$ cat upload30.tsv   # TSV, C-alpha atoms
chain	number	residue	atom	x	y	z
A	13	LYS	CA	30.05	1.74	-22.63
A	14	THR	CA	26.35	1.06	-22.37
A	15	LYS	CA	26.74	-2.62	-23.34
A	16	GLY	CA	23.80	-2.27	-25.73
A	17	ASN	CA	21.24	-1.41	-23.02
A	18	PRO	CA	18.59	0.64	-24.95
A	19	LEU	CA	17.54	2.61	-21.89
A	20	PHE	CA	21.13	3.37	-21.00
A	21	VAL	CA	21.80	4.46	-24.62
A	22	SER	CA	18.84	6.86	-24.78
A	23	GLN	CA	19.65	8.46	-21.42
A	24	LEU	CA	23.34	8.75	-22.34
A	25	MET	CA	22.40	10.53	-25.57
A	26	LEU	CA	20.32	13.03	-23.59
A	27	SER	CA	23.17	13.53	-21.15
A	28	LEU	CA	25.69	14.15	-23.95
A	29	SER	CA	23.32	16.62	-25.58
A	30	LYS	CA	22.95	18.57	-22.33
A	31	LYS	CA	26.75	18.74	-22.04
A	32	ARG	CA	26.99	19.96	-25.65
A	33	LEU	CA	29.08	16.93	-26.59
A	34	LEU	CA	26.41	15.93	-29.09
A	35	PHE	CA	24.62	18.72	-30.94
A	36	PRO	CA	22.88	19.55	-34.23
A	37	SER	CA	24.69	21.71	-36.78
A	38	LEU	CA	22.17	23.80	-38.72
A	39	SER	CA	24.76	24.94	-41.25
A	40	ARG	CA	25.96	21.40	-42.05
A	41	ARG	CA	22.50	19.86	-41.50
A	42	ARG	CA	23.80	17.02	-39.42
A	43	TRP	CA	24.58	15.98	-35.85
A	44	GLU	CA	28.10	16.62	-34.66
A	45	TRP	CA	29.98	15.32	-31.65
A	46	ASP	CA	33.33	15.41	-29.94
A	47	ASN	CA	34.39	11.79	-30.05
A	48	GLU	CA	37.48	12.27	-27.86
A	49	LYS	CA	35.57	13.98	-25.05
A	50	ILE	CA	32.76	11.45	-25.26
A	51	MET	CA	35.20	8.56	-24.92
A	52	SER	CA	36.76	10.23	-21.89
A	53	GLN	CA	33.41	10.39	-20.07
A	54	LYS	CA	33.36	8.27	-16.92
A	55	LEU	CA	30.29	6.05	-16.96
A	56	PRO	CA	29.24	3.64	-14.21
A	57	ASP	CA	28.79	-0.03	-15.09
A	58	ASP	CA	25.35	-0.10	-13.48
A	59	VAL	CA	22.54	1.79	-15.24
A	60	ALA	CA	20.89	2.46	-11.85
A	61	VAL	CA	24.00	4.35	-10.72
A	62	PHE	CA	23.90	6.37	-13.94
A	63	PHE	CA	20.29	7.36	-13.26
A	64	THR	CA	21.14	8.26	-9.69
A	65	GLN	CA	23.86	10.59	-10.95
A	66	SER	CA	21.51	12.05	-13.59
A	67	ILE	CA	18.87	12.79	-10.93
A	68	ALA	CA	21.53	14.30	-8.65
A	69	ASP	CA	22.33	16.83	-11.40
A	70	LEU	CA	18.74	18.13	-11.40
A	71	PRO	CA	17.65	21.19	-9.41
A	72	SER	CA	16.83	20.28	-5.79
A	73	ASN	CA	13.11	21.05	-6.13
A	74	VAL	CA	12.85	18.70	-9.13
A	75	ARG	CA	14.73	15.95	-7.26
A	76	ILE	CA	12.39	16.25	-4.28
A	77	SER	CA	9.33	16.19	-6.52
A	78	LEU	CA	10.59	13.04	-8.25
A	79	PHE	CA	11.13	11.41	-4.88
A	80	HIS	CA	7.61	12.32	-3.80
A	81	ILE	CA	5.88	10.58	-6.68
A	82	SER	CA	8.32	7.65	-6.60
A	83	CYS	CA	6.78	6.81	-3.22
A	84	PHE	CA	3.55	5.92	-5.03
A	85	GLY	CA	5.05	3.45	-7.48
A	86	ALA	CA	5.99	3.42	-11.14
A	87	SER	CA	3.01	5.54	-12.25
A	88	VAL	CA	0.50	7.95	-10.74
A	89	GLU	CA	-2.60	9.75	-11.98
A	90	ILE	CA	-1.96	13.39	-12.91
A	91	ALA	CA	-5.13	14.35	-11.02
A	92	PHE	CA	-3.70	12.71	-7.91
A	93	VAL	CA	-0.45	14.68	-8.30
A	94	LYS	CA	-2.55	17.87	-8.13
A	95	THR	CA	-4.23	16.52	-4.98
A	96	LEU	CA	-0.81	15.77	-3.51
A	97	GLU	CA	0.31	19.31	-4.31
A	98	ILE	CA	-2.61	20.69	-2.28
A	99	ALA	CA	-2.48	18.18	0.60
A	100	LEU	CA	1.28	18.61	1.13
A	101	GLU	CA	1.10	22.37	0.48
A	102	MET	CA	3.90	21.89	-2.03
A	103	ARG	CA	3.58	24.59	-4.65
A	104	GLY	CA	5.14	23.89	-8.01
A	105	LEU	CA	5.01	20.10	-7.75
A	106	CYS	CA	3.35	19.71	-11.15
A	107	ASN	CA	5.72	22.23	-12.79
A	108	ASN	CA	8.75	20.46	-11.32
A	109	LEU	CA	7.57	17.16	-12.73
A	110	ASP	CA	7.14	18.76	-16.15
A	111	ILE	CA	10.89	19.48	-16.05
A	112	ALA	CA	11.49	15.78	-15.31
A	113	VAL	CA	9.32	14.95	-18.35
A	114	ASP	CA	11.49	17.22	-20.50
A	115	GLU	CA	14.56	15.41	-19.16
A	116	GLY	CA	13.12	12.08	-20.30
A	117	LEU	CA	12.81	10.69	-16.77
A	118	LEU	CA	9.00	10.76	-16.80
A	119	GLU	CA	6.38	10.26	-19.50
A	120	LYS	CA	2.80	11.50	-19.72
A	121	LYS	CA	0.44	8.82	-21.00
A	122	GLY	CA	-3.36	8.67	-20.81
A	123	GLY	CA	-3.76	11.00	-17.85
A	124	GLN	CA	-0.87	9.39	-15.99
A	125	LEU	CA	2.68	10.31	-15.12
A	126	GLN	CA	4.94	7.29	-15.28
A	127	PHE	CA	8.63	6.75	-14.88
A	128	SER	CA	10.34	5.94	-18.17
A	129	HIS	CA	11.76	2.82	-16.55
A	130	ASP	CA	11.43	1.10	-13.19
A	131	ARG	CA	15.16	1.63	-12.57
A	132	ILE	CA	14.57	5.40	-12.78
A	133	GLN	CA	11.79	5.12	-10.20
A	134	GLU	CA	14.11	3.06	-8.00
A	135	ALA	CA	16.88	5.65	-8.33
A	136	ALA	CA	14.50	8.51	-7.51
A	137	TYR	CA	13.19	6.64	-4.46
A	138	ASN	CA	16.70	5.95	-3.17
A	139	THR	CA	17.76	9.60	-3.22
A	140	LEU	CA	16.84	9.70	0.49
A	141	PRO	CA	18.08	7.25	3.15
A	142	ALA	CA	15.67	4.61	4.48
A	143	ASP	CA	14.82	6.36	7.77
A	144	GLU	CA	13.95	9.60	5.99
A	145	ARG	CA	11.83	7.71	3.45
A	146	CYS	CA	9.82	6.10	6.28
A	147	LEU	CA	9.27	9.51	7.88
A	148	PHE	CA	8.10	10.99	4.57
A	149	HIS	CA	5.67	8.09	4.00
A	150	HIS	CA	4.23	8.76	7.45
A	151	VAL	CA	3.95	12.55	7.10
A	152	CYS	CA	2.54	12.25	3.58
A	153	GLY	CA	-0.02	9.67	4.70
A	154	ILE	CA	-1.21	11.77	7.63
A	155	ALA	CA	-1.62	14.82	5.36
A	156	LEU	CA	-3.55	12.81	2.76
A	157	ALA	CA	-5.75	11.20	5.44
A	158	SER	CA	-6.70	14.65	6.73
A	159	TYR	CA	-7.41	15.83	3.18
A	160	SER	CA	-9.51	12.72	2.40
A	161	THR	CA	-11.76	13.51	5.38
A	162	SER	CA	-12.57	16.97	4.02
A	163	GLU	CA	-13.06	15.64	0.48
A	164	SER	CA	-14.83	12.35	1.43
A	165	ASP	CA	-12.75	10.54	-1.19
A	166	ASP	CA	-12.19	6.81	-0.57
A	167	ASN	CA	-9.37	6.56	-3.12
A	168	ILE	CA	-7.39	9.27	-1.34
A	169	LEU	CA	-8.06	7.54	1.99
A	170	LEU	CA	-6.64	4.25	0.69
A	171	ALA	CA	-3.60	6.04	-0.75
A	172	ALA	CA	-3.10	7.77	2.60
A	173	VAL	CA	-3.27	4.54	4.59
A	174	ASN	CA	-0.87	2.82	2.19
A	175	GLN	CA	1.67	5.60	2.79
A	176	ILE	CA	1.24	5.45	6.57
A	177	ASN	CA	1.73	1.69	6.53
A	178	LEU	CA	4.87	2.01	4.39
A	179	GLY	CA	6.24	4.32	7.07
A	180	GLY	CA	5.42	1.74	9.74
A	181	PRO	CA	5.05	2.06	13.52
A	182	SER	CA	8.68	3.16	13.88
A	183	ALA	CA	7.87	6.45	12.09
A	184	ILE	CA	5.39	7.50	14.78
A	185	GLN	CA	6.80	10.33	16.89
A	186	ASP	CA	3.67	10.87	18.97
A	187	THR	CA	2.19	7.65	20.42
A	188	SER	CA	-1.23	9.34	20.65
A	189	GLN	CA	-1.38	8.94	16.84
A	190	SER	CA	-1.44	5.14	17.16
A	191	PHE	CA	-5.16	5.00	17.89
A	192	THR	CA	-5.98	7.27	14.94
A	193	ILE	CA	-3.79	5.28	12.54
A	194	ALA	CA	-5.24	1.95	13.70
A	195	THR	CA	-8.72	3.44	13.18
A	196	VAL	CA	-8.03	4.59	9.60
A	197	ASN	CA	-6.63	1.13	8.83
A	198	LEU	CA	-9.91	-0.31	10.12
A	199	ARG	CA	-11.85	2.02	7.80
A	200	ALA	CA	-9.62	1.15	4.85
A	201	GLY	CA	-10.00	-2.57	5.52
A	202	GLN	CA	-13.78	-2.29	5.68
A	203	LYS	CA	-13.83	-0.45	2.35
A	204	ALA	CA	-11.60	-3.15	0.81
A	205	MET	CA	-13.96	-5.83	2.16
A	206	ALA	CA	-16.88	-4.02	0.55
A	207	MET	CA	-15.03	-4.39	-2.77
A	208	SER	CA	-14.41	-8.10	-2.01
A	209	ASP	CA	-10.65	-7.50	-1.91
A	210	PHE	CA	-10.06	-9.64	1.17
A	211	GLY	CA	-6.29	-9.83	0.65
A	212	ALA	CA	-5.94	-6.05	0.82
A	213	ALA	CA	-8.45	-5.89	3.67
A	214	TYR	CA	-6.44	-8.40	5.70
A	215	SER	CA	-3.30	-6.33	5.13
A	216	TYR	CA	-5.04	-3.18	6.40
A	217	PHE	CA	-6.39	-4.91	9.53
A	218	ASN	CA	-3.01	-6.49	10.22
A	219	HIS	CA	-1.26	-3.13	9.86
A	220	GLY	CA	-3.86	-1.57	12.14
A	221	ILE	CA	-3.04	-4.18	14.79
A	222	SER	CA	0.69	-3.46	14.41
A	223	PHE	CA	0.10	0.21	15.31
A	224	LEU	CA	-1.74	-0.60	18.56
A	225	GLN	CA	0.21	0.24	21.70
A	226	GLU	CA	0.79	-2.02	24.70
A	227	GLY	CA	-2.37	-2.32	26.82
A	228	HIS	CA	-4.64	-1.67	23.84
A	229	TRP	CA	-7.15	-4.35	24.93
A	230	GLN	CA	-7.75	-2.36	28.11
A	231	GLU	CA	-7.60	1.17	26.64
A	232	HIS	CA	-9.17	0.60	23.21
A	233	TYR	CA	-11.17	-2.59	23.61
A	234	ASP	CA	-13.79	-1.99	20.88
A	235	LEU	CA	-11.18	-1.05	18.26
A	236	SER	CA	-8.96	-4.00	19.19
A	237	LEU	CA	-11.88	-6.43	19.08
A	238	ARG	CA	-12.99	-5.20	15.66
A	239	LEU	CA	-9.49	-5.30	14.13
A	240	PHE	CA	-8.72	-8.82	15.35
A	241	GLU	CA	-12.19	-10.10	14.48
A	242	LEU	CA	-12.13	-8.78	10.92
A	243	ALA	CA	-8.51	-9.85	10.42
A	244	ALA	CA	-9.58	-13.40	11.37
A	245	LYS	CA	-12.50	-13.20	8.96
A	246	CYS	CA	-10.32	-12.04	6.04
A	247	ALA	CA	-7.64	-14.61	6.85
A	248	LEU	CA	-10.34	-17.27	6.56
A	249	ALA	CA	-11.52	-15.80	3.25
A	250	ILE	CA	-8.02	-15.94	1.72
A	251	GLY	CA	-7.30	-19.38	3.13
A	252	ASP	CA	-4.67	-18.32	5.66
A	253	LEU	CA	-5.93	-20.58	8.46
A	254	ALA	CA	-2.78	-20.26	10.57
A	255	SER	CA	-3.17	-16.46	10.80
A	256	MET	CA	-6.91	-16.83	11.40
A	257	LYS	CA	-6.19	-19.12	14.36
A	258	LEU	CA	-3.74	-16.64	15.88
A	259	HIS	CA	-6.21	-13.76	15.65
A	260	LEU	CA	-9.20	-15.69	16.98
A	261	GLU	CA	-7.14	-17.00	19.91
A	262	GLN	CA	-6.44	-13.41	20.89
A	263	VAL	CA	-10.14	-12.54	20.75
A	264	VAL	CA	-11.18	-15.59	22.79
A	265	LYS	CA	-8.49	-14.73	25.35
A	266	GLU	CA	-9.33	-11.02	25.67
A	267	ALA	CA	-13.11	-10.98	25.06
A	268	ARG	CA	-15.04	-9.43	27.92
A	269	SER	CA	-18.08	-11.60	27.29
A	270	PHE	CA	-18.98	-14.86	25.57
A	271	GLU	CA	-21.04	-12.90	23.03
A	272	ASP	CA	-17.98	-10.80	22.01
A	273	ALA	CA	-16.22	-14.00	20.93
A	274	LEU	CA	-19.17	-15.45	18.99
A	275	ASN	CA	-18.07	-14.19	15.57
A	276	VAL	CA	-14.59	-15.71	15.76
A	277	MET	CA	-16.08	-18.96	17.07
A	278	TYR	CA	-18.23	-19.01	13.94
A	279	PHE	CA	-15.11	-18.46	11.79
A	280	SER	CA	-13.48	-21.40	13.58
A	281	THR	CA	-16.39	-23.74	12.81
A	282	CYS	CA	-16.34	-22.59	9.17
A	283	ALA	CA	-12.62	-23.31	8.95
A	284	LEU	CA	-13.18	-26.83	10.23
A	285	ALA	CA	-15.95	-27.40	7.71
A	286	TYR	CA	-13.83	-26.07	4.84
A	287	SER	CA	-10.90	-28.32	5.80
A	288	SER	CA	-12.85	-31.61	5.83
A	289	GLY	CA	-13.52	-31.40	9.56
A	290	LEU	CA	-17.31	-31.28	9.29
A	291	PRO	CA	-18.02	-33.58	12.31
A	292	ASP	CA	-15.79	-31.41	14.54
A	293	SER	CA	-17.42	-28.30	13.12
A	294	VAL	CA	-20.89	-29.64	14.01
A	295	GLN	CA	-19.76	-30.55	17.53
A	296	ASN	CA	-18.24	-27.10	18.07
A	297	SER	CA	-21.44	-25.47	16.84
A	298	ILE	CA	-23.56	-27.57	19.19
A	299	GLY	CA	-21.27	-26.64	22.09
A	300	VAL	CA	-21.60	-22.92	21.34
A	301	LEU	CA	-25.38	-23.14	20.97
A	302	THR	CA	-25.63	-25.03	24.26
A	303	LYS	CA	-23.81	-22.20	26.04
A	304	LEU	CA	-26.34	-19.83	24.50
A	305	GLY	CA	-29.17	-21.90	26.01
A	306	ILE	CA	-30.18	-23.59	22.76
A	307	ASP	CA	-30.45	-27.36	23.24
A	308	LEU	CA	-30.25	-29.39	20.04
A	309	GLN	CA	-30.03	-32.74	21.80
A	310	ASP	CA	-33.67	-33.73	21.26
A	311	SER	CA	-35.37	-36.82	19.93
A	312	ARG	CA	-36.31	-35.55	16.48
A	313	SER	CA	-35.43	-37.74	13.56
A	314	THR	CA	-32.91	-36.73	10.91
A	315	GLU	CA	-35.75	-36.42	8.38
A	316	ALA	CA	-37.59	-34.00	10.65
A	317	CYS	CA	-34.43	-31.89	11.02
A	318	VAL	CA	-33.94	-31.85	7.25
A	319	GLN	CA	-37.53	-30.72	6.67
A	320	GLU	CA	-37.17	-27.97	9.26
A	321	THR	CA	-33.94	-26.81	7.60
A	322	ILE	CA	-35.63	-26.73	4.17
A	323	MET	CA	-38.47	-24.67	5.60
A	324	LEU	CA	-36.03	-22.19	7.15
A	325	LEU	CA	-34.09	-21.89	3.89
A	326	THR	CA	-37.22	-20.99	1.93
A	327	THR	CA	-37.18	-17.62	3.70
A	328	ARG	CA	-33.69	-16.94	2.28
A	329	THR	CA	-32.90	-15.72	-1.22

$ encode --input "upload30.tsv" --output "structure tokens"
Amino acid sequence: KTKGNPLFVSQLMLSLSKKRLLFPSLSRRRWEWDNEKIMSQKLPDDVAVFFTQSIADLPSNVRISLFHISCFGASVEIAFVKTLEIALEMRGLCNNLDIAVDEGLLEKKGGQLQFSHDRIQEAAYNTLPADERCLFHHVCGIALASYSTSESDDNILLAAVNQINLGGPSAIQDTSQSFTIATVNLRAGQKAMAMSDFGAAYSYFNHGISFLQEGHWQEHYDLSLRLFELAAKCALAIGDLASMKLHLEQVVKEARSFEDALNVMYFSTCALAYSSGLPDSVQNSIGVLTKLGIDLQDSRSTEACVQETIMLLTTRT
């Protein structure tokens, strides 16, 4: 019935034991079973369906607790589970998960709680329909973001923003939250940049932009400028020049002054230089400097320019 799937076998054995179809006999010192009843058991062909049914048989509070931690992936720190219990005001979360450990659905290893198999995590996550999952991600993220502010914990902030982003803009029920969510994505992206994780940073900035409402350049100019500018910078860092171009075009279009667009113009010249367009990069740079009132079109020789550059670089480390 299990087609030799080890995970399926182990979970089936636990299920049979719970139903008293497989049990130890102390008097005979052996395991006993009811072969006829076991053979009559209806088992699904897909192990994921079996796990879904197994989870459905659990008490409702244990099912909900399993769903909660499944939203954070295949494993989660036990310390974070305690934080989640406080932030969501969900008493008994840790105790409920201990029941799931006893059922063989979770394992405790090295300070972590992890699902015994990724199919179990998938089954636990799918116990709620997609729209309800998005709403939970959003509510959970907002609660964790509020908690991270009081605790000044960057790791909790990043976990909060990840949950909010999984919920997506469609989960927002109050449009006034859009500004706050875009702002926390900006903070998360800046922290990721500080750790040189430009891929994650770009994702945060991009998500922040997705939460902005129509007319954001007029109502939240500074936030919009910063999100688009840093998204362009991170796109350049990870080599996504197409996305960088889209973001910098928005800044150039919406910038209220020439100076506000200077950073993305610099990114553009860097992109040209990195993609074997050094002559165009130099010409763009000269054009920008000219608009700033700096005239480089003088009669100095190349050697003189090189010497001046060397002198300027000696002040840098």

$ closest_atom_pairs --input "upload30.tsv" --of "segment 106-201 of chain A" --to "segment 67-73 of chain A" --cutoff "12 Å" --atoms "only C-alpha atoms" --output "Markdown table"
| residue | atom | partner | partner_atom | distance |
| --- | --- | --- | --- | --- |
| A:Cys106 | CA | A:Asn73 | CA | 11.1 |
| A:Asn107 | CA | A:Asn73 | CA | 10.0 |
| A:Asn108 | CA | A:Asn73 | CA | 6.8 |
| A:Leu109 | CA | A:Asn73 | CA | 9.5 |
| A:Asp110 | CA | A:Asn73 | CA | 11.9 |
| A:Ile111 | CA | A:Leu70 | CA | 9.2 |
| A:Ala112 | CA | A:Leu70 | CA | 8.6 |
| A:Asp114 | CA | A:Leu70 | CA | 11.7 |
| A:Glu115 | CA | A:Leu70 | CA | 9.2 |
| A:Gly116 | CA | A:Ile67 | CA | 11.0 |
| A:Leu117 | CA | A:Ile67 | CA | 8.7 |
| A:Leu118 | CA | A:Ile67 | CA | 11.7 |
| A:Arg131 | CA | A:Ile67 | CA | 11.9 |
| A:Ile132 | CA | A:Ile67 | CA | 8.7 |
| A:Gln133 | CA | A:Ile67 | CA | 10.5 |
| A:Glu134 | CA | A:Ile67 | CA | 11.2 |
| A:Ala135 | CA | A:Ile67 | CA | 7.9 |
| A:Ala136 | CA | A:Ile67 | CA | 7.0 |
| A:Tyr137 | CA | A:Ile67 | CA | 10.6 |
| A:Asn138 | CA | A:Ile67 | CA | 10.6 |
| A:Thr139 | CA | A:Ala68 | CA | 8.1 |
| A:Leu140 | CA | A:Ala68 | CA | 11.3 |

$ atom_distance --input "upload30.tsv" --atom1 "atom CA of Met51 of chain A" --atom2 "atom CA of Arg32 of chain A"
14.1 Å

$ closest_residue --input "upload30.tsv" --among "A:Ile50, A:Ala206, A:Leu237, A:Ile90" --to "Ser29 of chain A" --atoms "all atoms listed in the file"
A:Ile50

$ residues_around --input "upload30.tsv" --residues "Leu301 of chain A" --least-positions-apart "5" --cutoff "12 Å" --atoms "all atoms listed in the file" --output "list in words"
Phe270, Glu271, Leu274, Met277, Tyr278, Val294, Gln295, Asn296, Ile306, Asp307, Leu308 and Gln309 of chain A

$ closest_residue --input "upload30.tsv" --among "A:Asp252, A:Thr192, A:Glu315, A:Ile176" --to "Ser287 of chain A" --atoms "all atoms listed in the file"
A:Asp252
